[in-house]
Amino acid sequence: MPHTLIIGYGNALRGDDGAGYMVAELLRERIQDPEIEILSQQQLVPELMEAISHAAHVIFIDASVSGRAGKVTRIVLRPAPACAHFTHHATPEALLAGAQSLYGHTPEATLYTIPGRFFETGEELSPSVRRAVNELVATLEKELAAGER
Amino acid sequence: MPRQTIVIDPVTRIEGHSKISLHLDEEGHVEEAYFHVTQFRGFEKFCEGRPYYEMPSLMARICGICPVSHLIASAKACDAILAVRIPENAVRLRKVLNLAQILQSHALSFFYLSVPDLLLGMDSDPAARNVFGVMEANPAMAKDGVRLRQFGQQIIEWLAGKRIHPAWVVPGGVSSPLTAENRDRILAGIPEALANATRALDWFKNEMEGFREEIRSFANFPTLFMGLVGEDGGLEHYSGKLRFLDAGGHVVADYADTTYPDYLAEIAHPWSYLKTSFYKPLGYPDGVYRVGPLARLNIIDGISTPRASQEWAEFRELDRGAVLSSFYYHYARLIEMVYALEKIEQLLREPDALDANVRAHASVNNTEGIGVSEAPRGTLMHHYKVDGDGLITWANLIIATGHNNAAMNRGVLQVARHFVHGNKLTEGMLNRVEAVIRTFDPCLSCSTHADGRLALEVELRSHEGELLDVCHTR
């Protein structure tokens, strides 16, 4: 089975912003497969490019301030060069482009976005986002077990 | 021509949010310049009432870039509250952690934030003047930078369990010893990392000739320099005495680090949340000093590792006294990266590096504690007072960026006078005004204990204060 990299990111101390981070944390508890690497990050950073370049497929999971809270969207990502702000913070598309540019390979990539409602200080997810997190964890666990990724 | 003010807001490629305002006189010459830090969080206030043993973890939340530095200074202040002498191997492991932090932070500052200017040019297209532009122009250098930052963070994770906000450093020592497996992993990575760092250092030395104007004008003036030195006067980042050196290269004084209130004072300015500290015996502004890599390499008598020692000897030939241009912060940062790697290897090859005795236990024995260490950007001071139950009643933090505040302001004025003329602004001119700030690598989240976004805005004001123009750089 080809190597899959899962990166859930966000600030777990800012309410629903931590949804992606939480998905990664829960998946790590449930999945024990050497071919699946799971990272939970506060934010995306350029150092991830090397790990991304080694993967056959990468799944990004992030929260969003727009959209209906808890309604998860899934899109396929394409590499795209970074904007001028690319310093120690990056977009998934920029990391994919960087992986190609520096390490000669960029994997297939998917982004799951979980819209949130409350982004104030606190570790609690709002109920609809909590449900979405649990559903996404269950879905990914099932799909990864079936080798659908 | 009326008097005008140019405001650069936000300043980009630094840690945190700030703006710069340049005040022009009637002839369009820069008359005054201010570096404003526009965010505030106030950790010193809201930690009051919390137990002392929470301080290392709580204070580490000040910053996502250098949490380890706060952990260490805070834990040292708590050691003083416990009045314990921590085990020798705990000191060793804290030193390794601190050096790994310096390595990853310097790599971020140099490769991600400053190389875009140095490699692509101060006047290059701002849309491409970022680490992505570096990847295209010099992929090998970008890879070296990524690898060095990654290695520093990896060491932190192997030692402390995670890269950001680890809770491994505790009052009395560290919570667990180093395993043989992790020591060997770190040692195995040193040769490659050292090759990466020395390659960057050699590149920088070759490129310096092309930055004569910047060297001449980037905060290039006499000040004092301050930092920790070891008991032998050597480069030291964890503990020692605090040394002040003058611009001529003469030692002004060596002090016990725990007596800083005797010789340092702070003032606040109405235009910024960032406090300014100065050397009391000389008063303000004569007592303005600089801290950080440039200061550290100026104040020391030597370096205990071979390659860094050679590089330091070459560095000291730049000036007869202290090296004064802040452009050379970059140079000093690269030498410190080499030193950090060599020193980590030295420390981990010592026979007791795996010793399991890494924590001393005690209860509150002092009602006051001061912890001082060298963070990547300079001297970091945590000072706490507690009641009989160990609850914090008062706290004061002096952060590297605060120590450097006066010099940064003066540096902005110098570079603005050199490069900005009249109301005709070019992006390259404004970038140089920002770039002088970047040489100091300020961490505004740390210095005001605040969070914020990277950005820069420049305002142009008439002498009556009317806003004539605003420029945002991206």
# chains A, B, ... in the order shown; residues from 1 in each chain; ligands from 1
>>> residues_around(residues="Glu135 of chain A", least_positions_apart="6", cutoff="10 Å", atoms="only C-alpha atoms", output="PyMOL selection string")
chain A and resi 23+70+72+129+141
>>> write_last_selection(atoms="N, CA, C and O atoms", output="tab-separated table (two decimals), in the first residue's frame")
chain	number	residue	atom	x	y	z
A	23	VAL	N	-9.10	16.14	14.21
A	23	VAL	CA	-9.29	14.97	13.35
A	23	VAL	C	-7.99	14.15	13.31
A	23	VAL	O	-8.01	12.93	13.46
A	70	GLY	N	-19.91	22.93	10.26
A	70	GLY	CA	-20.01	21.47	10.29
A	70	GLY	C	-20.22	20.83	8.94
A	70	GLY	O	-20.19	19.60	8.83
A	72	VAL	N	-18.81	19.63	5.87
A	72	VAL	CA	-17.46	19.37	5.38
A	72	VAL	C	-17.43	19.38	3.86
A	72	VAL	O	-18.32	18.84	3.20
A	129	VAL	N	-19.64	21.21	14.76
A	129	VAL	CA	-18.27	20.92	14.32
A	129	VAL	C	-17.78	19.64	14.98
A	129	VAL	O	-17.11	18.81	14.35
A	141	GLU	N	-11.22	6.74	8.44
A	141	GLU	CA	-10.74	5.47	8.99
A	141	GLU	C	-11.20	4.31	8.12
A	141	GLU	O	-10.43	3.41	7.78
>>> interface_residues(of="chain B", to="chain A", cutoff="7 Å", atoms="only C-alpha atoms", output="PyMOL selection string")
chain B and resi 13+112-113+126-132+135+139+143+146+150+474
>>> select_by_dssp(residues="segment 8-121 of chain A", states="strand (DSSP E)", output="PyMOL selection string")
chain A and resi 8-9+36-41+57-64+73-76+108-115
>>> closest_residue(among="A:Ser64, A:Leu27, A:Pro92, A:Lys71", to="Thr139 of chain A", atoms="only C-alpha atoms")
A:Leu27
>>> closest_residue(among="B:Ala193, B:Leu242, B:Val30, B:Ala395", to="Ala416 of chain B", atoms="only C-alpha atoms")
B:Val30
>>> residues_around(residues="Ser57 of chain B", least_positions_apart="2", cutoff="10 Å", atoms="only C-alpha atoms", output="short mmCIF file (atom, residue, chain, number, x, y, z; two decimals) with N, CA, C and O atoms, in the first residue's frame")
data_model
loop_
_atom_site.label_atom_id
_atom_site.label_comp_id
_atom_site.auth_asym_id
_atom_site.auth_seq_id
_atom_site.Cartn_x
_atom_site.Cartn_y
_atom_site.Cartn_z
N TYR B 53 4.73 26.69 39.65
CA TYR B 53 5.14 25.55 38.82
C TYR B 53 4.41 25.51 37.48
O TYR B 53 4.79 24.78 36.59
N GLU B 54 3.36 26.33 37.33
CA GLU B 54 2.71 26.42 36.02
C GLU B 54 3.44 27.37 35.08
O GLU B 54 3.16 27.41 33.88
N MET B 55 4.35 28.18 35.63
CA MET B 55 4.93 29.26 34.83
C MET B 55 5.66 28.78 33.57
O MET B 55 5.47 29.35 32.50
N MET B 59 4.24 30.37 30.33
CA MET B 59 5.03 31.39 29.64
C MET B 59 5.47 30.94 28.25
O MET B 59 5.70 31.76 27.37
N ALA B 60 5.61 29.63 28.07
CA ALA B 60 6.00 29.13 26.74
C ALA B 60 4.94 29.47 25.70
O ALA B 60 5.23 29.55 24.51
N ARG B 61 3.70 29.72 26.16
CA ARG B 61 2.62 30.07 25.22
C ARG B 61 2.77 31.47 24.67
O ARG B 61 2.03 31.88 23.78
N ILE B 62 3.70 32.25 25.19
CA ILE B 62 3.93 33.59 24.66
C ILE B 62 4.26 33.52 23.18
O ILE B 62 3.86 34.37 22.40
N PRO B 67 9.19 28.97 22.09
CA PRO B 67 8.64 28.55 23.37
C PRO B 67 9.72 27.96 24.29
O PRO B 67 9.66 28.13 25.50
N VAL B 68 10.71 27.31 23.68
CA VAL B 68 11.76 26.67 24.47
C VAL B 68 12.56 27.71 25.26
O VAL B 68 12.93 27.48 26.41
N HIS B 70 11.49 30.54 26.47
CA HIS B 70 10.69 30.94 27.64
C HIS B 70 10.63 29.82 28.68
O HIS B 70 10.67 30.08 29.88
N LEU B 71 10.53 28.60 28.19
CA LEU B 71 10.54 27.46 29.12
C LEU B 71 11.79 27.50 29.99
O LEU B 71 11.72 27.32 31.20
N SER B 74 12.06 30.62 32.35
CA SER B 74 11.02 30.50 33.37
C SER B 74 11.39 29.41 34.38
O SER B 74 11.26 29.60 35.60
N ALA B 75 11.85 28.27 33.87
CA ALA B 75 12.23 27.18 34.78
C ALA B 75 13.40 27.59 35.67
O ALA B 75 13.46 27.22 36.84
N HIS B 165 5.70 24.06 22.26
CA HIS B 165 5.16 24.02 23.61
C HIS B 165 5.39 22.70 24.34
O HIS B 165 4.47 22.12 24.93
N PRO B 166 6.62 22.18 24.33
CA PRO B 166 6.89 20.98 25.13
C PRO B 166 6.87 21.33 26.61
O PRO B 166 7.18 22.46 26.99
N ALA B 167 6.53 20.37 27.46
CA ALA B 167 6.46 20.63 28.91
C ALA B 167 7.56 19.90 29.65
O ALA B 167 7.46 19.66 30.84
N TRP B 168 8.62 19.56 28.94
CA TRP B 168 9.68 18.71 29.48
C TRP B 168 10.57 19.44 30.49
O TRP B 168 11.05 18.84 31.45
N VAL B 169 10.79 20.73 30.26
CA VAL B 169 11.61 21.51 31.21
C VAL B 169 10.71 21.91 32.38
O VAL B 169 9.68 22.53 32.18
N VAL B 170 11.11 21.52 33.57
CA VAL B 170 10.27 21.76 34.75
C VAL B 170 11.13 22.41 35.84
O VAL B 170 12.36 22.32 35.81
#
>>> atom_distance(atom1="atom CA of Gly20 of chain A", atom2="atom CA of Arg131 of chain A")
12.8 Å
>>> residues_around(residues="Tyr21 of chain A", least_positions_apart="6", cutoff="12 Å", atoms="only C-alpha atoms", output="number ranges by chain")
A: 6-15, 27-28, 38-44, 60-63, 112-114, 123, 125, 133, 137
>>> select_by_dssp(residues="segment 235-349 of chain B", states="alpha helix (DSSP H)", output="compact mmCIF listing (two decimals) with C-alpha atoms, in the first residue's frame")
# COMPACT_ATOMS: atom_id res chain seq x y z
CA TYR B 260 19.60 42.91 36.75
CA PRO B 261 17.31 45.44 38.54
CA ASP B 262 20.47 47.08 39.87
CA TYR B 263 21.77 47.99 36.44
CA PRO B 293 23.90 37.13 18.06
CA LEU B 294 25.88 40.28 17.16
CA ALA B 295 26.17 41.30 20.81
CA ARG B 296 27.11 37.79 21.91
CA LEU B 297 29.95 37.56 19.40
CA ASN B 298 31.13 41.04 20.40
CA ILE B 299 31.23 40.52 24.16
CA PRO B 306 36.74 24.49 16.69
CA ARG B 307 34.97 25.63 13.51
CA ALA B 308 32.92 28.36 15.19
CA SER B 309 36.05 29.59 16.94
CA GLN B 310 37.85 30.01 13.60
CA GLU B 311 34.87 31.81 12.13
CA TRP B 312 34.63 34.10 15.17
CA ALA B 313 38.27 35.11 14.81
CA GLU B 314 37.55 36.14 11.20
CA PHE B 315 34.36 37.92 12.22
CA TYR B 329 23.55 40.11 12.83
CA HIS B 330 23.07 37.75 9.87
CA TYR B 331 26.76 36.82 9.91
CA ALA B 332 26.74 36.27 13.68
CA ARG B 333 23.58 34.17 13.41
CA LEU B 334 25.29 31.84 10.92
CA ILE B 335 28.35 31.44 13.16
CA GLU B 336 26.04 30.65 16.07
CA MET B 337 24.34 27.94 14.01
CA VAL B 338 27.72 26.29 13.47
CA TYR B 339 28.50 26.69 17.17
CA ALA B 340 25.13 25.24 18.24
CA LEU B 341 25.72 22.09 16.20
CA GLU B 342 29.28 21.63 17.39
CA LYS B 343 28.32 22.28 21.01
CA ILE B 344 25.36 19.90 20.93
CA GLU B 345 27.72 17.19 19.72
CA GLN B 346 30.24 18.00 22.48
CA LEU B 347 27.57 17.90 25.18
CA LEU B 348 26.02 14.65 23.99
>>> closest_residue(among="B:Asp144, B:Asp123, B:Glu213, B:Glu368", to="Ala77 of chain B", atoms="only C-alpha atoms")
B:Glu368
>>> residues_around(residues="Ile398 of chain B", least_positions_apart="3", cutoff="7 Å", atoms="only C-alpha atoms", output="PDB file with N, CA, C and O atoms, in the first residue's frame")
ATOM      1  N   LEU B 380      17.156  36.875  27.697  1.00  0.00           N
ATOM      2  CA  LEU B 380      15.757  36.729  28.119  1.00  0.00           C
ATOM      3  C   LEU B 380      15.730  36.639  29.636  1.00  0.00           C
ATOM      4  O   LEU B 380      16.446  35.841  30.236  1.00  0.00           O
ATOM      5  N   MET B 381      14.882  37.475  30.258  1.00  0.00           N
ATOM      6  CA  MET B 381      14.824  37.520  31.721  1.00  0.00           C
ATOM      7  C   MET B 381      13.400  37.276  32.205  1.00  0.00           C
ATOM      8  O   MET B 381      12.477  37.960  31.760  1.00  0.00           O
ATOM      9  N   HIS B 382      13.257  36.310  33.083  1.00  0.00           N
ATOM     10  CA  HIS B 382      11.972  36.071  33.745  1.00  0.00           C
ATOM     11  C   HIS B 382      12.174  36.314  35.239  1.00  0.00           C
ATOM     12  O   HIS B 382      13.112  35.777  35.828  1.00  0.00           O
ATOM     13  N   GLY B 402      12.860  43.862  23.472  1.00  0.00           N
ATOM     14  CA  GLY B 402      12.785  45.056  24.321  1.00  0.00           C
ATOM     15  C   GLY B 402      14.166  45.635  24.568  1.00  0.00           C
ATOM     16  O   GLY B 402      14.365  46.846  24.518  1.00  0.00           O
TER      17      GLY B 402
END
>>> residues_around(residues="Ile36 of chain A", least_positions_apart="5", cutoff="10 Å", atoms="only C-alpha atoms", output="PyMOL selection string")
chain A and resi 1-6+28+31+55+57-58+144
>>> atom_distance(atom1="atom CA of His250 of chain B", atom2="atom CA of Thr276 of chain B")
23.6 Å
>>> atom_distance(atom1="atom CA of Asp79 of chain B", atom2="atom CA of Val91 of chain B")
11.5 Å
>>> residues_around(residues="Arg243 of chain B", least_positions_apart="4", cutoff="10 Å", atoms="only C-alpha atoms", output="list in words")
Phe225, Met226, Gly227, Leu228, Val229, Gly230, Gly233, Val251, Val252, Ala253, Asp254, Tyr255, Ala256, Asp257, Ala295, Arg296, Ile299 and Ile300 of chain B
>>> decode(residues="chain A", atoms="C-alpha atoms", output="mmCIF file, in the first residue's frame")
data_model
loop_
_atom_site.group_PDB
_atom_site.id
_atom_site.type_symbol
_atom_site.label_atom_id
_atom_site.label_comp_id
_atom_site.auth_asym_id
_atom_site.auth_seq_id
_atom_site.Cartn_x
_atom_site.Cartn_y
_atom_site.Cartn_z
ATOM 1 C CA MET A 1 0.000 0.000 0.000
ATOM 2 C CA PRO A 2 1.499 3.380 -0.951
ATOM 3 C CA HIS A 3 2.433 5.823 1.816
ATOM 4 C CA THR A 4 -0.362 8.211 2.809
ATOM 5 C CA LEU A 5 0.320 11.369 4.768
ATOM 6 C CA ILE A 6 -2.462 13.028 6.763
ATOM 7 C CA ILE A 7 -1.935 16.571 8.014
ATOM 8 C CA GLY A 8 -4.603 18.040 10.291
ATOM 9 C CA TYR A 9 -3.885 21.617 11.236
ATOM 10 C CA GLY A 10 -5.265 24.537 13.198
ATOM 11 C CA ASN A 11 -5.086 26.169 16.593
ATOM 12 C CA ALA A 12 -6.584 23.833 19.178
ATOM 13 C CA LEU A 13 -6.825 26.744 21.627
ATOM 14 C CA ARG A 14 -9.134 28.779 19.348
ATOM 15 C CA GLY A 15 -12.356 26.761 19.388
ATOM 16 C CA ASP A 16 -13.436 25.435 16.001
ATOM 17 C CA ASP A 17 -10.110 26.436 14.437
ATOM 18 C CA GLY A 18 -8.765 23.237 16.002
ATOM 19 C CA ALA A 19 -11.136 20.949 14.045
ATOM 20 C CA GLY A 20 -8.475 19.726 11.590
ATOM 21 C CA TYR A 21 -5.961 19.271 14.372
ATOM 22 C CA MET A 22 -8.531 17.257 16.319
ATOM 23 C CA VAL A 23 -9.285 14.965 13.350
ATOM 24 C CA ALA A 24 -5.577 14.132 13.085
ATOM 25 C CA GLU A 25 -5.300 13.484 16.821
ATOM 26 C CA LEU A 26 -8.307 11.121 16.774
ATOM 27 C CA LEU A 27 -7.086 9.298 13.664
ATOM 28 C CA ARG A 28 -3.704 8.741 15.297
ATOM 29 C CA GLU A 29 -5.430 7.016 18.210
ATOM 30 C CA ARG A 30 -7.338 4.716 15.872
ATOM 31 C CA ILE A 31 -4.980 3.944 12.995
ATOM 32 C CA GLN A 32 -1.879 1.842 13.545
ATOM 33 C CA ASP A 33 -0.574 1.374 10.032
ATOM 34 C CA PRO A 34 3.079 1.999 9.131
ATOM 35 C CA GLU A 35 2.009 3.110 5.659
ATOM 36 C CA ILE A 36 -0.109 5.927 7.062
ATOM 37 C CA GLU A 37 1.639 8.876 8.696
ATOM 38 C CA ILE A 38 -0.496 11.317 10.664
ATOM 39 C CA LEU A 39 0.653 14.782 11.704
ATOM 40 C CA SER A 40 -1.240 17.321 13.797
ATOM 41 C CA GLN A 41 0.079 20.843 13.327
ATOM 42 C CA GLN A 42 -0.696 24.327 14.608
ATOM 43 C CA GLN A 43 -0.065 25.614 11.113
ATOM 44 C CA LEU A 44 1.493 24.564 7.855
ATOM 45 C CA VAL A 45 5.218 25.231 7.657
ATOM 46 C CA PRO A 46 7.777 24.826 4.851
ATOM 47 C CA GLU A 47 9.515 21.961 6.680
ATOM 48 C CA LEU A 48 6.554 19.767 5.718
ATOM 49 C CA MET A 49 7.557 19.860 2.046
ATOM 50 C CA GLU A 50 10.050 17.028 2.344
ATOM 51 C CA ALA A 51 7.572 14.694 4.073
ATOM 52 C CA ILE A 52 4.960 15.611 1.455
ATOM 53 C CA SER A 53 7.364 14.779 -1.365
ATOM 54 C CA HIS A 54 7.788 11.237 0.010
ATOM 55 C CA ALA A 55 4.053 10.516 0.101
ATOM 56 C CA ALA A 56 1.915 8.951 -2.607
ATOM 57 C CA HIS A 57 -1.143 10.791 -1.338
ATOM 58 C CA VAL A 58 -1.548 13.601 1.146
ATOM 59 C CA ILE A 59 -4.743 14.544 2.949
ATOM 60 C CA PHE A 60 -4.964 18.038 4.444
ATOM 61 C CA ILE A 61 -7.674 18.781 7.012
ATOM 62 C CA ASP A 62 -8.368 22.362 8.018
ATOM 63 C CA ALA A 63 -11.086 24.517 9.553
ATOM 64 C CA SER A 64 -12.683 27.445 7.764
ATOM 65 C CA VAL A 65 -14.371 30.671 8.825
ATOM 66 C CA SER A 66 -16.713 30.539 5.834
ATOM 67 C CA GLY A 67 -19.414 28.007 4.994
ATOM 68 C CA ARG A 68 -22.135 26.387 7.068
ATOM 69 C CA ALA A 69 -20.725 25.201 10.377
ATOM 70 C CA GLY A 70 -20.011 21.468 10.294
ATOM 71 C CA LYS A 71 -20.657 21.017 6.569
ATOM 72 C CA VAL A 72 -17.459 19.367 5.384
ATOM 73 C CA THR A 73 -16.213 19.986 1.862
ATOM 74 C CA ARG A 74 -13.633 17.965 -0.029
ATOM 75 C CA ILE A 75 -11.562 19.254 -2.918
ATOM 76 C CA VAL A 76 -8.636 17.963 -4.914
ATOM 77 C CA LEU A 77 -5.631 20.267 -4.656
ATOM 78 C CA ARG A 78 -3.162 21.301 -7.310
ATOM 79 C CA PRO A 79 0.294 22.749 -6.624
ATOM 80 C CA ALA A 80 0.359 26.547 -6.741
ATOM 81 C CA PRO A 81 3.243 28.932 -6.055
ATOM 82 C CA ALA A 82 3.127 30.832 -2.792
ATOM 83 C CA CYS A 83 2.239 34.453 -2.236
ATOM 84 C CA ALA A 84 4.747 36.918 -0.794
ATOM 85 C CA HIS A 85 3.747 36.146 2.789
ATOM 86 C CA PHE A 86 5.105 32.602 2.549
ATOM 87 C CA THR A 87 7.431 32.558 5.546
ATOM 88 C CA HIS A 88 6.806 30.166 8.400
ATOM 89 C CA HIS A 89 3.178 29.880 7.398
ATOM 90 C CA ALA A 90 2.052 28.335 4.123
ATOM 91 C CA THR A 91 -0.905 27.137 2.084
ATOM 92 C CA PRO A 92 -1.309 23.458 1.134
ATOM 93 C CA GLU A 93 -0.964 24.357 -2.539
ATOM 94 C CA ALA A 94 2.313 26.164 -1.859
ATOM 95 C CA LEU A 95 3.693 23.175 0.017
ATOM 96 C CA LEU A 96 2.775 20.903 -2.888
ATOM 97 C CA ALA A 97 4.515 23.245 -5.318
ATOM 98 C CA GLY A 98 7.528 23.440 -3.008
ATOM 99 C CA ALA A 99 7.712 19.649 -2.737
ATOM 100 C CA GLN A 100 7.809 19.440 -6.536
ATOM 101 C CA SER A 101 10.305 22.259 -6.895
ATOM 102 C CA LEU A 102 12.754 21.175 -4.173
ATOM 103 C CA TYR A 103 12.378 17.413 -4.003
ATOM 104 C CA GLY A 104 11.133 16.555 -7.484
ATOM 105 C CA HIS A 105 7.836 14.953 -6.512
ATOM 106 C CA THR A 106 4.422 16.108 -5.444
ATOM 107 C CA PRO A 107 1.705 13.641 -4.485
ATOM 108 C CA GLU A 108 -1.995 13.593 -5.185
ATOM 109 C CA ALA A 109 -3.604 15.789 -2.594
ATOM 110 C CA THR A 110 -7.027 16.283 -1.050
ATOM 111 C CA LEU A 111 -8.212 19.026 1.261
ATOM 112 C CA TYR A 112 -11.080 18.512 3.696
ATOM 113 C CA THR A 113 -12.431 21.761 5.072
ATOM 114 C CA ILE A 114 -14.596 21.939 8.177
ATOM 115 C CA PRO A 115 -16.408 25.287 8.492
ATOM 116 C CA GLY A 116 -16.627 26.489 12.072
ATOM 117 C CA ARG A 117 -18.749 28.879 14.068
ATOM 118 C CA PHE A 118 -16.738 29.912 17.159
ATOM 119 C CA PHE A 119 -13.092 30.884 16.891
ATOM 120 C CA GLU A 120 -12.621 32.535 20.258
ATOM 121 C CA THR A 121 -10.226 31.351 22.975
ATOM 122 C CA GLY A 122 -11.088 27.867 24.235
ATOM 123 C CA GLU A 123 -10.519 24.191 23.550
ATOM 124 C CA GLU A 124 -14.152 23.228 22.967
ATOM 125 C CA LEU A 125 -15.570 22.596 19.500
ATOM 126 C CA SER A 126 -19.104 23.773 18.801
ATOM 127 C CA PRO A 127 -21.612 20.871 18.624
ATOM 128 C CA SER A 128 -22.033 20.841 14.839
ATOM 129 C CA VAL A 129 -18.273 20.924 14.319
ATOM 130 C CA ARG A 130 -17.749 18.209 16.921
ATOM 131 C CA ARG A 131 -20.219 16.004 14.990
ATOM 132 C CA ALA A 132 -18.469 16.781 11.707
ATOM 133 C CA VAL A 133 -15.093 15.898 13.216
ATOM 134 C CA ASN A 134 -16.371 12.528 14.439
ATOM 135 C CA GLU A 135 -18.021 11.751 11.100
ATOM 136 C CA LEU A 136 -14.919 12.674 9.133
ATOM 137 C CA VAL A 137 -12.732 10.554 11.409
ATOM 138 C CA ALA A 138 -15.044 7.569 10.896
ATOM 139 C CA THR A 139 -15.174 8.083 7.135
ATOM 140 C CA LEU A 140 -11.415 8.425 6.728
ATOM 141 C CA GLU A 141 -10.739 5.473 8.995
ATOM 142 C CA LYS A 142 -13.047 3.313 6.913
ATOM 143 C CA GLU A 143 -11.701 4.495 3.570
ATOM 144 C CA LEU A 144 -8.076 4.136 4.649
ATOM 145 C CA ALA A 145 -8.747 0.626 5.969
ATOM 146 C CA ALA A 146 -10.323 -0.275 2.617
ATOM 147 C CA GLY A 147 -7.333 1.140 0.767
ATOM 148 C CA GLU A 148 -9.478 3.664 -1.055
ATOM 149 C CA ARG A 149 -6.885 6.419 -0.772
#
